[in-house]
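Participant: Hey, dropping protein-v7.json in here, JSON, C-alpha atoms and all ligand atoms:
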```json
[["chain", "number", "residue", "atom", "x", "y", "z"],
["T", 259, "MET", "CA", 145.05, 104.13, 87.28],
["T", 260, "ILE", "CA", 143.08, 101.79, 85.03],
["T", 261, "LYS", "CA", 143.09, 98.06, 85.79],
["T", 262, "ALA", "CA", 140.06, 96.83, 83.86],
["T", 263, "ILE", "CA", 137.84, 97.94, 80.99],
["T", 264, "VAL", "CA", 134.06, 97.70, 80.79],
["T", 265, "PHE", "CA", 132.38, 98.22, 77.43],
["T", 266, "ASP", "CA", 128.86, 99.13, 76.50],
["T", 267, "LEU", "CA", 127.70, 96.94, 73.59],
["T", 268, "ASP", "CA", 125.00, 98.58, 71.45],
["T", 269, "GLY", "CA", 126.45, 101.56, 69.56],
["T", 270, "THR", "CA", 129.92, 101.00, 71.08],
["T", 271, "ILE", "CA", 131.08, 97.48, 70.13],
["T", 272, "TRP", "CA", 128.41, 96.81, 67.52],
["T", 273, "GLU", "CA", 125.70, 98.66, 65.65],
["T", 274, "GLU", "CA", 122.83, 96.22, 65.10],
["T", 275, "ASN", "CA", 124.60, 93.30, 63.37],
["T", 276, "ASN", "CA", 127.75, 95.14, 62.32],
["T", 277, "ILE", "CA", 130.93, 95.25, 64.37],
["T", 278, "VAL", "CA", 132.24, 98.77, 65.02],
["T", 279, "HIS", "CA", 135.54, 99.57, 63.32],
["T", 280, "GLY", "CA", 138.43, 98.93, 65.71],
["T", 281, "ALA", "CA", 136.49, 96.71, 68.14],
["T", 282, "VAL", "CA", 138.12, 93.40, 67.17],
["T", 283, "GLU", "CA", 141.64, 94.89, 67.32],
["T", 284, "LEU", "CA", 140.89, 96.54, 70.67],
["T", 285, "ILE", "CA", 139.69, 93.32, 72.30],
["T", 286, "ASN", "CA", 142.66, 91.44, 70.81],
["T", 287, "GLN", "CA", 145.00, 94.05, 72.35],
["T", 288, "LEU", "CA", 143.39, 93.57, 75.77],
["T", 289, "ASN", "CA", 143.71, 89.80, 75.50],
["T", 290, "SER", "CA", 147.35, 89.87, 74.39],
["T", 291, "ASN", "CA", 148.24, 92.35, 77.18],
["T", 292, "GLY", "CA", 146.33, 90.40, 79.85],
["T", 293, "ILE", "CA", 144.02, 93.33, 80.64],
["T", 294, "PRO", "CA", 140.70, 92.18, 82.15],
["T", 295, "TYR", "CA", 137.51, 93.37, 80.46],
["T", 296, "ALA", "CA", 133.76, 92.86, 80.53],
["T", 297, "PHE", "CA", 130.63, 94.12, 78.82],
["T", 298, "LEU", "CA", 127.74, 95.97, 80.43],
["T", 299, "THR", "CA", 124.55, 96.44, 78.45],
["T", 300, "ASN", "CA", 121.10, 97.69, 79.37],
["T", 301, "THR", "CA", 119.36, 95.20, 77.13],
["T", 302, "THR", "CA", 116.48, 93.24, 78.62],
["T", 303, "SER", "CA", 115.52, 91.39, 75.45],
["T", 304, "HIS", "CA", 118.66, 89.25, 75.10],
["T", 305, "THR", "CA", 120.44, 86.97, 77.57],
["T", 306, "PRO", "CA", 124.22, 86.95, 78.19],
["T", 307, "ARG", "CA", 124.30, 83.59, 76.40],
["T", 308, "TYR", "CA", 122.79, 85.06, 73.23],
["T", 309, "LEU", "CA", 125.04, 88.14, 73.41],
["T", 310, "SER", "CA", 128.11, 85.95, 73.86],
["T", 311, "SER", "CA", 127.30, 83.99, 70.71],
["T", 312, "LYS", "CA", 126.59, 87.21, 68.79],
["T", 313, "ALA", "CA", 129.97, 88.59, 69.90],
["T", 314, "LYS", "CA", 131.70, 85.41, 68.79],
["T", 315, "ALA", "CA", 130.00, 85.57, 65.38],
["T", 316, "LEU", "CA", 131.26, 89.15, 65.01],
["T", 317, "GLY", "CA", 134.84, 88.18, 65.91],
["T", 318, "ILE", "CA", 134.91, 89.32, 69.55],
["T", 319, "GLN", "CA", 135.90, 87.09, 72.45],
["T", 320, "ALA", "CA", 133.19, 87.60, 75.07],
["T", 321, "TYR", "CA", 132.38, 84.70, 77.36],
["T", 322, "GLU", "CA", 128.98, 84.54, 78.97],
["T", 323, "ASP", "CA", 130.44, 85.39, 82.39],
["T", 324, "GLN", "CA", 132.00, 88.55, 80.95],
["T", 325, "ILE", "CA", 128.61, 89.90, 79.90],
["T", 326, "PHE", "CA", 126.38, 91.76, 82.34],
["T", 327, "THR", "CA", 122.93, 93.01, 81.44],
["T", 328, "ALA", "CA", 120.50, 95.21, 83.36],
["T", 329, "VAL", "CA", 118.78, 91.92, 84.23],
["T", 330, "SER", "CA", 121.98, 90.61, 85.92],
["T", 331, "HIS", "CA", 121.70, 93.59, 88.30],
["T", 332, "LEU", "CA", 117.99, 92.88, 88.87],
["T", 333, "GLU", "CA", 118.59, 89.15, 89.57],
["T", 334, "LEU", "CA", 121.08, 90.03, 92.32],
["T", 335, "ALA", "CA", 118.55, 92.38, 93.90],
["T", 336, "ILE", "CA", 115.86, 89.68, 93.81],
["T", 337, "GLU", "CA", 118.27, 87.22, 95.50],
["T", 338, "LYS", "CA", 118.76, 89.66, 98.39],
["T", 339, "ILE", "CA", 115.09, 90.13, 99.30],
["T", 340, "ASP", "CA", 112.49, 87.80, 100.79],
["T", 341, "THR", "CA", 110.24, 86.96, 97.83],
["T", 342, "ASP", "CA", 108.00, 84.34, 99.51],
["T", 343, "ASP", "CA", 104.91, 86.51, 99.55],
["T", 344, "THR", "CA", 105.81, 88.85, 96.68],
["T", 345, "LEU", "CA", 104.32, 88.94, 93.20],
["T", 346, "PHE", "CA", 106.33, 90.42, 90.33],
["T", 347, "VAL", "CA", 104.22, 91.87, 87.52],
["T", 348, "VAL", "CA", 106.47, 92.14, 84.49],
["T", 349, "THR", "CA", 106.35, 93.87, 81.11],
["T", 350, "GLY", "CA", 109.10, 93.64, 78.51],
["T", 351, "GLU", "CA", 109.63, 92.95, 74.86],
["T", 352, "ASP", "CA", 108.66, 89.45, 73.67],
["T", 353, "SER", "CA", 108.31, 88.30, 77.31],
["T", 354, "VAL", "CA", 112.10, 87.76, 77.54],
["T", 355, "LEU", "CA", 112.35, 89.76, 80.78],
["T", 356, "PHE", "CA", 109.36, 87.89, 82.23],
["T", 357, "GLN", "CA", 110.97, 84.53, 81.41],
["T", 358, "GLN", "CA", 114.27, 85.55, 83.01],
["T", 359, "ILE", "CA", 112.51, 86.72, 86.19],
["T", 360, "ALA", "CA", 110.26, 83.64, 86.35],
["T", 361, "ALA", "CA", 113.41, 81.49, 85.99],
["T", 362, "THR", "CA", 114.70, 82.81, 89.35],
["T", 363, "GLY", "CA", 111.83, 80.88, 90.99],
["T", 364, "VAL", "CA", 109.78, 83.87, 92.23],
["T", 365, "SER", "CA", 106.04, 84.33, 91.66],
["T", 366, "ALA", "CA", 105.69, 86.36, 88.47],
["T", 367, "ILE", "CA", 102.98, 87.25, 85.98],
["T", 368, "ASP", "CA", 103.41, 88.59, 82.47],
["T", 369, "LEU", "CA", 101.53, 91.88, 82.11],
["T", 370, "ASP", "CA", 101.61, 91.56, 78.33],
["T", 371, "THR", "CA", 99.71, 88.27, 78.11],
["T", 372, "SER", "CA", 97.53, 88.40, 81.24],
["T", 373, "LYS", "CA", 93.99, 89.75, 81.29],
["T", 374, "GLY", "CA", 93.20, 92.81, 83.45],
["T", 375, "GLU", "CA", 90.68, 91.03, 85.73],
["T", 376, "GLN", "CA", 92.98, 88.01, 86.16],
["T", 377, "LEU", "CA", 95.83, 90.33, 87.15],
["T", 378, "ALA", "CA", 93.74, 92.26, 89.68],
["T", 379, "GLU", "CA", 92.43, 89.04, 91.23],
["T", 380, "PHE", "CA", 95.84, 87.32, 91.37],
["T", 381, "SER", "CA", 97.60, 90.31, 92.91],
["T", 382, "GLN", "CA", 95.17, 90.25, 95.89],
["T", 383, "HIS", "CA", 96.80, 87.00, 97.11],
["T", 384, "PHE", "CA", 100.22, 88.53, 97.80],
["T", 385, "SER", "CA", 101.25, 90.87, 100.57],
["T", 386, "LYS", "CA", 103.67, 92.68, 98.27],
["T", 387, "VAL", "CA", 103.34, 93.46, 94.55],
["T", 388, "ILE", "CA", 106.26, 94.81, 92.56],
["T", 389, "LEU", "CA", 105.77, 96.08, 89.01],
["T", 390, "ILE", "CA", 108.81, 95.71, 86.74],
["T", 391, "SER", "CA", 108.98, 97.38, 83.33],
["T", 392, "SER", "CA", 111.60, 97.58, 80.61],
["T", 393, "PHE", "CA", 111.73, 98.57, 76.98],
["T", 394, "ASN", "CA", 108.82, 97.16, 75.03],
["T", 395, "ARG", "CA", 108.05, 98.35, 71.51],
["T", 396, "ASN", "CA", 104.53, 96.96, 71.85],
["T", 397, "PHE", "CA", 103.72, 98.91, 75.02],
["T", 398, "SER", "CA", 100.33, 100.56, 74.63],
["T", 399, "TYR", "CA", 97.22, 102.02, 76.24],
["T", 400, "LYS", "CA", 96.14, 98.44, 77.06],
["T", 401, "HIS", "CA", 99.21, 97.95, 79.25],
["T", 402, "ILE", "CA", 98.62, 101.24, 81.03],
["T", 403, "SER", "CA", 95.00, 100.42, 81.65],
["T", 404, "LYS", "CA", 95.92, 97.03, 83.19],
["T", 405, "ILE", "CA", 98.48, 98.75, 85.41],
["T", 406, "PHE", "CA", 95.81, 101.29, 86.37],
["T", 407, "SER", "CA", 93.59, 98.41, 87.55],
["T", 408, "ILE", "CA", 96.23, 97.23, 90.06],
["T", 409, "ARG", "CA", 97.63, 100.63, 91.07],
["T", 410, "ASN", "CA", 96.24, 100.35, 94.62],
["T", 411, "THR", "CA", 97.89, 96.98, 95.27],
["T", 412, "LEU", "CA", 101.33, 98.00, 94.00],
["T", 413, "ASN", "CA", 104.06, 98.51, 96.59],
["T", 414, "GLU", "CA", 107.09, 99.20, 94.40],
["T", 415, "TYR", "CA", 107.92, 100.06, 90.82],
["T", 416, "TRP", "CA", 111.23, 98.83, 89.35],
["T", 417, "VAL", "CA", 112.65, 99.69, 85.92],
["T", 418, "VAL", "CA", 115.26, 97.60, 84.12],
["T", 419, "GLY", "CA", 117.37, 99.48, 81.57],
["T", 420, "ASN", "CA", 115.83, 102.96, 81.69],
["T", 421, "ASP", "CA", 117.52, 104.31, 78.56],
["T", 422, "ARG", "CA", 116.38, 107.41, 76.74],
["T", 423, "CYS", "CA", 117.56, 106.21, 73.33],
["T", 424, "TYR", "CA", 118.99, 103.15, 71.64],
["T", 425, "GLY", "CA", 120.58, 102.42, 68.32],
["T", 426, "ALA", "CA", 123.53, 103.85, 66.53],
["T", 427, "LYS", "CA", 124.46, 107.48, 66.04],
["T", 428, "GLY", "CA", 122.39, 109.12, 63.34],
["T", 429, "LYS", "CA", 119.44, 106.76, 63.78],
["T", 430, "LYS", "CA", 118.71, 106.79, 67.46],
["T", 431, "LEU", "CA", 115.27, 105.61, 68.54],
["T", 432, "ILE", "CA", 113.29, 106.28, 71.68],
["T", 433, "ALA", "CA", 113.94, 103.63, 74.36],
["T", 434, "ALA", "CA", 112.34, 102.81, 77.73],
["T", 435, "SER", "CA", 112.15, 106.15, 79.53],
["T", 436, "TRP", "CA", 108.80, 107.20, 78.01],
["T", 437, "ILE", "CA", 107.24, 103.98, 79.32],
["T", 438, "THR", "CA", 108.68, 104.72, 82.77],
["T", 439, "ALA", "CA", 107.25, 108.26, 82.70],
["T", 440, "ALA", "CA", 103.80, 107.00, 81.66],
["T", 441, "ILE", "CA", 103.73, 104.31, 84.37],
["T", 442, "GLU", "CA", 104.95, 106.68, 87.11],
["T", 443, "GLU", "CA", 102.09, 109.00, 86.19],
["T", 444, "VAL", "CA", 99.57, 106.18, 86.66],
["T", 445, "VAL", "CA", 100.93, 104.47, 89.79],
["T", 446, "SER", "CA", 102.15, 107.53, 91.74],
["T", 447, "LEU", "CA", 105.38, 105.71, 92.65],
["T", 448, "ASN", "CA", 108.93, 106.70, 91.73],
["T", 449, "HIS", "CA", 110.83, 103.98, 89.95],
["T", 450, "LYS", "CA", 113.86, 102.13, 91.30],
["T", 451, "PRO", "CA", 116.42, 101.79, 88.47],
["T", 452, "PHE", "CA", 118.35, 98.63, 87.52],
["T", 453, "GLY", "CA", 121.16, 98.73, 84.96],
["T", 454, "LYS", "CA", 122.87, 101.89, 83.79],
["T", 455, "PRO", "CA", 122.88, 104.77, 84.82],
["T", 456, "ASN", "CA", 122.60, 103.24, 88.31],
["T", 457, "GLY", "CA", 126.21, 103.13, 89.58],
["T", 458, "GLU", "CA", 125.51, 99.91, 91.48],
["T", 459, "THR", "CA", 125.57, 97.96, 88.21],
["T", 460, "VAL", "CA", 129.17, 99.11, 87.51],
["T", 461, "LYS", "CA", 130.20, 98.09, 91.05],
["T", 462, "ILE", "CA", 128.86, 94.57, 90.42],
["T", 463, "VAL", "CA", 130.99, 94.26, 87.26],
["T", 464, "ALA", "CA", 134.09, 95.70, 89.02],
["T", 465, "GLU", "CA", 133.70, 93.16, 91.80],
["T", 466, "SER", "CA", 133.49, 90.28, 89.32],
["T", 467, "LEU", "CA", 136.64, 91.55, 87.60],
["T", 468, "GLY", "CA", 138.41, 91.69, 90.98],
["T", 469, "VAL", "CA", 139.22, 95.41, 90.81],
["T", 470, "LYS", "CA", 138.07, 98.52, 92.67],
["T", 471, "VAL", "CA", 135.37, 100.50, 90.87],
["T", 472, "GLU", "CA", 137.66, 103.54, 90.62],
["T", 473, "GLU", "CA", 140.12, 101.36, 88.65],
["T", 474, "VAL", "CA", 137.51, 100.65, 85.96],
["T", 475, "LEU", "CA", 137.36, 102.52, 82.65],
["T", 476, "LEU", "CA", 133.82, 102.36, 81.27],
["T", 477, "VAL", "CA", 133.72, 102.91, 77.50],
["T", 478, "GLY", "CA", 130.38, 103.83, 75.96],
["T", 479, "ASP", "CA", 128.47, 105.99, 73.50],
["T", 480, "SER", "CA", 125.72, 107.29, 75.80],
["T", 481, "GLU", "CA", 126.30, 110.30, 78.02],
["T", 482, "TYR", "CA", 123.15, 109.54, 80.01],
["T", 483, "SER", "CA", 123.55, 105.75, 80.51],
["T", 484, "ASP", "CA", 127.27, 104.96, 80.23],
["T", 485, "ILE", "CA", 129.00, 108.09, 81.43],
["T", 486, "GLY", "CA", 126.18, 108.61, 83.95],
["T", 487, "ALA", "CA", 126.68, 105.10, 85.38],
["T", 488, "ALA", "CA", 130.47, 105.51, 85.57],
["T", 489, "SER", "CA", 130.12, 108.89, 87.24],
["T", 490, "ASN", "CA", 127.53, 107.58, 89.73],
["T", 491, "ALA", "CA", 129.81, 104.64, 90.58],
["T", 492, "GLY", "CA", 133.04, 106.67, 90.83],
["T", 493, "ALA", "CA", 134.60, 104.86, 87.84],
["T", 494, "LEU", "CA", 136.63, 106.43, 85.04],
["T", 495, "SER", "CA", 134.87, 106.82, 81.72],
["T", 496, "CYS", "CA", 135.47, 107.26, 78.03],
["T", 497, "LEU", "CA", 132.77, 108.66, 75.77],
["T", 498, "VAL", "CA", 132.94, 107.55, 72.15],
["T", 499, "SER", "CA", 131.30, 110.36, 70.21],
["T", 500, "SER", "CA", 131.81, 111.99, 66.84],
["T", 501, "ASN", "CA", 130.21, 115.16, 68.24],
["T", 502, "SER", "CA", 133.23, 117.13, 69.45],
["T", 503, "SER", "CA", 131.12, 119.85, 71.09],
["T", 504, "ILE", "CA", 129.15, 117.43, 73.30],
["T", 505, "GLU", "CA", 128.89, 118.38, 76.99],
["T", 506, "THR", "CA", 130.14, 115.45, 79.02],
["T", 507, "LYS", "CA", 131.19, 114.31, 82.46],
["T", 508, "ALA", "CA", 133.48, 111.69, 80.87],
["T", 509, "THR", "CA", 137.14, 111.42, 81.90],
["T", 510, "TYR", "CA", 138.12, 110.98, 78.23],
["T", 511, "VAL", "CA", 136.35, 111.68, 74.96],
["T", 512, "VAL", "CA", 137.35, 109.99, 71.68],
["T", 513, "GLU", "CA", 135.76, 110.29, 68.26],
["T", 514, "SER", "CA", 136.00, 106.57, 67.47],
["T", 515, "LEU", "CA", 136.67, 103.27, 69.19],
["T", 516, "ASP", "CA", 140.09, 102.75, 67.59],
["T", 517, "LYS", "CA", 141.32, 105.77, 69.60],
["T", 518, "VAL", "CA", 140.59, 104.01, 72.89],
["T", 519, "VAL", "CA", 143.59, 101.69, 72.57],
["T", 520, "GLN", "CA", 146.08, 104.48, 73.19],
["T", 521, "ILE", "CA", 144.34, 105.66, 76.35],
["T", 522, "ILE", "CA", 144.31, 102.13, 77.67],
["T", 523, "LEU", "CA", 147.93, 101.38, 76.82],
["T", 524, "ASP", "CA", 149.03, 104.72, 78.35],
["T", 525, "LYS", "CA", 147.04, 104.50, 81.56],
["T", 526, "VAL", "CA", 146.57, 100.84, 82.26],
["T", 527, "VAL", "CA", 148.39, 99.01, 85.02],
["T", 528, "GLN", "CA", 148.78, 95.37, 84.20],
["T", 529, "ILE", "CA", 147.77, 93.04, 86.97],
["T", 530, "ILE", "CA", 149.30, 89.87, 85.59],
["O", 601, "MG", "MG", 125.19, 102.22, 73.70]]
```
What do you get writing this file as structure tokens?
Facilitator:
Amino acid sequence: MIKAIVFDLDGTIWEENNIVHGAVELINQLNSNGIPYAFLTNTTSHTPRYLSSKAKALGIQAYEDQIFTAVSHLELAIEKIDTDDTLFVVTGEDSVLFQQIAATGVSAIDLDTSKGEQLAEFSQHFSKVILISSFNRNFSYKHISKIFSIRNTLNEYWVVGNDRCYGAKGKKLIAASWITAAIEEVVSLNHKPFGKPNGETVKIVAESLGVKVEEVLLVGDSEYSDIGAASNAGALSCLVSSNSSIETKATYVVESLDKVVQIILDKVVQII
């Protein structure tokens, strides 16, 4: 029984700056049938506000409060812990993740722009130090060597949006997971994941849509992130893949987004 739909964005609704065929019609169908929907993306380099305006420009109705990023999941986790004496050391592309974390009011330092000695000295003044990483195309040996200098003061290692790949089918690029593997090697800590495939992130979206997680259909193009997250959360899932021989845990598999409409109209239970 499906009561709400959650869509991945990159590679599912759009591919870079191009809308995927069938996406506009699909969202229009949901709106005209009163079916609640939201978007769940692992991006850490764009805010819901930016993504909402991008969606609008591409012809999709997606209000800011319908868009959840891996950072939305992280912000909720930060709200739940006592951060008075905690320092967050953050690395992410173009400092966007750092700015979003600093905006929550916690003590945070940008790994990318800070000097190694400054970082080591600053981290001594906190009883807890949490390193947070995400995808960063500029991540290099310099970053690793700064992390190495504070490895003994680190208490936890968090990763936001630990994807293996990003981009559209046919031109997928390596995403954050290699950075995670390199950092784990240096700090001897296992990472705590935020965003997909952590099932918790799907539960947060389900709650905001006012449905049970098992009533959510998560539609995405990544077996690892999207179908993994749905499966970990106990939600239903639909993999959009042109590879018909793909091994998947998804409830449904379709070759293109325009085929999703039928599944939804067949299985959905309207709540209004
Ligand atoms: Mg995707």
Participant: Point out the residue among T:Glu333, T:Asp268, T:Asp421, T:Asp343 with the least atom-to-atom distance to Ala313 (chain T), counting all atoms listed in the file.
Facilitator: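 Distance minimum relative to Ala313 (chain T) lands on T:Asp268.
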Participant: Can you tell me which residues come within 7 Å of ligand MG 601 (chain O) when counting all atoms listed in the file, ideally as a ChimeraX atom specification?
Facilitator: /T:266-270,424,478-480
Participant: Between T:Ser495, T:Asn300, T:Ser391, T:Ser330, which is the closest to Cys423 (chain T) once you count all atoms listed in the file?
Facilitator: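 Of T:Ser495, T:Asn300, T:Ser391, T:Ser330, the one nearest Cys423 (chain T) is T:Asn300, counting all atoms listed in the file.
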Participant: Suppose you want the space between CA of Asn396 (chain T) and CA of Val347 (chain T); what is it in Å?
Facilitator: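 Between CA of Asn396 (chain T) and CA of Val347 (chain T) the gap works out to 16.5 Å.
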Participant: Identify which of the residues T:Lys454, T:Lys404, T:Lys373, T:His383 lies closest to Thr301 (chain T), counting all atoms listed in the file when measuring atom-to-atom distances.
Facilitator: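 Among the listed residues, the smallest separation from Thr301 (chain T) belongs to T:Lys454.
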Participant: Find the residues around Ile277 (chain T) up to 7 Å (all atoms listed in the file counted), leave out those fewer than 5 positions away in its own chain, and share them as a count of residues only.
Facilitator: 3
Participant: Restricting the calculation to all atoms listed in the file: of T:Asn291, T:Ser499, T:Thr344, T:Ser353, which residue gets closest to Asp516 (chain T)?
Facilitator: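 Between T:Asn291, T:Ser499, T:Thr344, T:Ser353, the residue approaching Asp516 (chain T) most closely is T:Ser499.
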Participant: Using only C-alpha atoms, give me every residue within 12 Å of (122.4, 85.8, 73.8) in file coordinates, as a list in words.
Facilitator: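 Those within range, by chain then number, are Thr299, Thr301, Thr302, Ser303, His304, Thr305, Pro306, Arg307, Tyr308, Leu309, Ser310, Ser311, Lys312, Ala313, Lys314, Ala315, Ala320, Tyr321, Glu322, Asp323, Ile325, Phe326, Thr327 and Val354 of chain T.
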Participant: Using all atoms listed in the file, which protein or nucleic acid residues come within 9 Å of Ile367 (chain T)? Drop anything in the same chain fewer than 4 positions from it, and give the result as a PyMOL selection string.
Facilitator: chain T and resi 345-349+356+360+371-372+377+380
Participant: Rank T:Glu273, T:Glu458, T:Glu465, T:Glu379 by their smallest atom-to-atom distance to Ala487 (chain T), using all atoms listed in the file, and report the top residue only.
Facilitator: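 Nearest candidate to Ala487 (chain T) out of T:Glu273, T:Glu458, T:Glu465, T:Glu379: T:Glu458.
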Participant: If you take every atom of region 360-378 of chain T that the file lists and fit an axis-aligned box around them with 5 Å extra on each side, what centre and edge lengths come out in Å to one decimal, as AutoDock Vina command-line options?
Facilitator:
```
--center_x 102.7 --center_y 86.8 --center_z 85.2 --size_x 34.0 --size_y 21.9 --size_z 24.1
```
Participant: Need to verify the contact set: Thr459 (chain T), 8 Å, only C-alpha atoms, exclusion of same-chain residues closer than 4 positions in sequence. Can you return it as a list in words?
Facilitator: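 What passes the distance filter is Ala328, His331, Phe452, Gly453, Lys454, Val463 and Ala487 of chain T.
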Participant: List the neighbours of Ala464 (chain T) out to 10 Å using all atoms listed in the file; skip same-chain residues closer than 6 positions along the sequence, and give me the result as a VMD selection string.
Facilitator: chain T and resid 261 to 264 295 to 296 458 470 to 475 493
Participant: Of the candidates T:Arg395, T:Phe297, T:Val511, T:Val519, which shows the shortest atom-to-atom distance to Ser466 (chain T), using only C-alpha atoms?
Facilitator: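 Result for the nearest residue to Ser466 (chain T): T:Phe297.
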Participant: Between CA of Trp416 (chain T) and CA of Ile388 (chain T), what distance in Å does the model show, to one decimal?
Facilitator: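 Between these atoms lies a distance of 7.2 Å.
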Participant: Env of Ala281 (chain T): 8 Å cut, atoms = only C-alpha atoms, seq-sep filter 2 positions within chain, self excluded. Answer as number ranges by chain.
Facilitator: T: 271, 277-279, 283-285, 318, 515-516
Participant: Could the residues of region 407-449 of chain T that have an atom at most 12 Å from region 398-403 of chain T be listed as a Markdown table, each with its closest atom pair and the distance in Å to one decimal, counting all atoms listed in the file and ordered by chain and ascending residue number?
Facilitator:
```
| residue | atom | partner | partner_atom | distance |
| --- | --- | --- | --- | --- |
| T:Ser407 | CA | T:Ser403 | CA | 6.4 |
| T:Ile408 | CA | T:Ser403 | CA | 9.1 |
| T:Arg409 | CA | T:Ser403 | CA | 9.8 |
| T:Trp436 | CA | T:Ser398 | CA | 11.3 |
| T:Ile437 | CA | T:Ser398 | CA | 9.0 |
| T:Thr438 | CA | T:Ile402 | CA | 10.8 |
| T:Ala439 | CA | T:Ile402 | CA | 11.2 |
| T:Ala440 | CA | T:Ile402 | CA | 7.8 |
| T:Ile441 | CA | T:Ile402 | CA | 6.8 |
| T:Glu442 | CA | T:Ile402 | CA | 10.3 |
| T:Glu443 | CA | T:Ile402 | CA | 9.9 |
| T:Val444 | CA | T:Ile402 | CA | 7.6 |
| T:Val445 | CA | T:Ile402 | CA | 9.6 |
```
Participant: Please fill the gaps in region 299-310 of chain T so it has N, CA and C atoms, and write that as a CSV table (one decimal), keeping the file's coordinate frame.
Facilitator:
```
chain,number,residue,atom,x,y,z
T,299,THR,N,125.6,95.9,79.3
T,299,THR,CA,124.6,96.4,78.4
T,299,THR,C,123.2,96.6,79.2
T,300,ASN,N,122.4,97.5,78.7
T,300,ASN,CA,121.1,97.7,79.4
T,300,ASN,C,120.0,96.8,78.7
T,301,THR,N,120.4,96.0,77.8
T,301,THR,CA,119.4,95.2,77.1
T,301,THR,C,118.6,94.3,78.1
T,302,THR,N,117.3,94.2,77.8
T,302,THR,CA,116.5,93.2,78.6
T,302,THR,C,115.9,92.2,77.7
T,303,SER,N,116.1,92.3,76.4
T,303,SER,CA,115.5,91.4,75.4
T,303,SER,C,116.5,90.3,74.9
T,304,HIS,N,117.7,90.3,75.5
T,304,HIS,CA,118.7,89.2,75.1
T,304,HIS,C,119.4,88.8,76.3
T,305,THR,N,119.7,87.5,76.4
T,305,THR,CA,120.4,87.0,77.6
T,305,THR,C,122.0,87.1,77.3
T,306,PRO,N,122.8,87.0,78.4
T,306,PRO,CA,124.2,87.0,78.2
T,306,PRO,C,124.6,85.8,77.2
T,307,ARG,N,123.9,84.7,77.3
T,307,ARG,CA,124.3,83.6,76.4
T,307,ARG,C,124.1,84.0,74.9
T,308,TYR,N,123.0,84.6,74.6
T,308,TYR,CA,122.8,85.1,73.2
T,308,TYR,C,123.8,86.1,72.8
T,309,LEU,N,124.1,87.1,73.7
T,309,LEU,CA,125.0,88.1,73.4
T,309,LEU,C,126.5,87.6,73.2
T,310,SER,N,126.8,86.6,74.0
T,310,SER,CA,128.1,86.0,73.9
T,310,SER,C,128.3,85.3,72.5
```
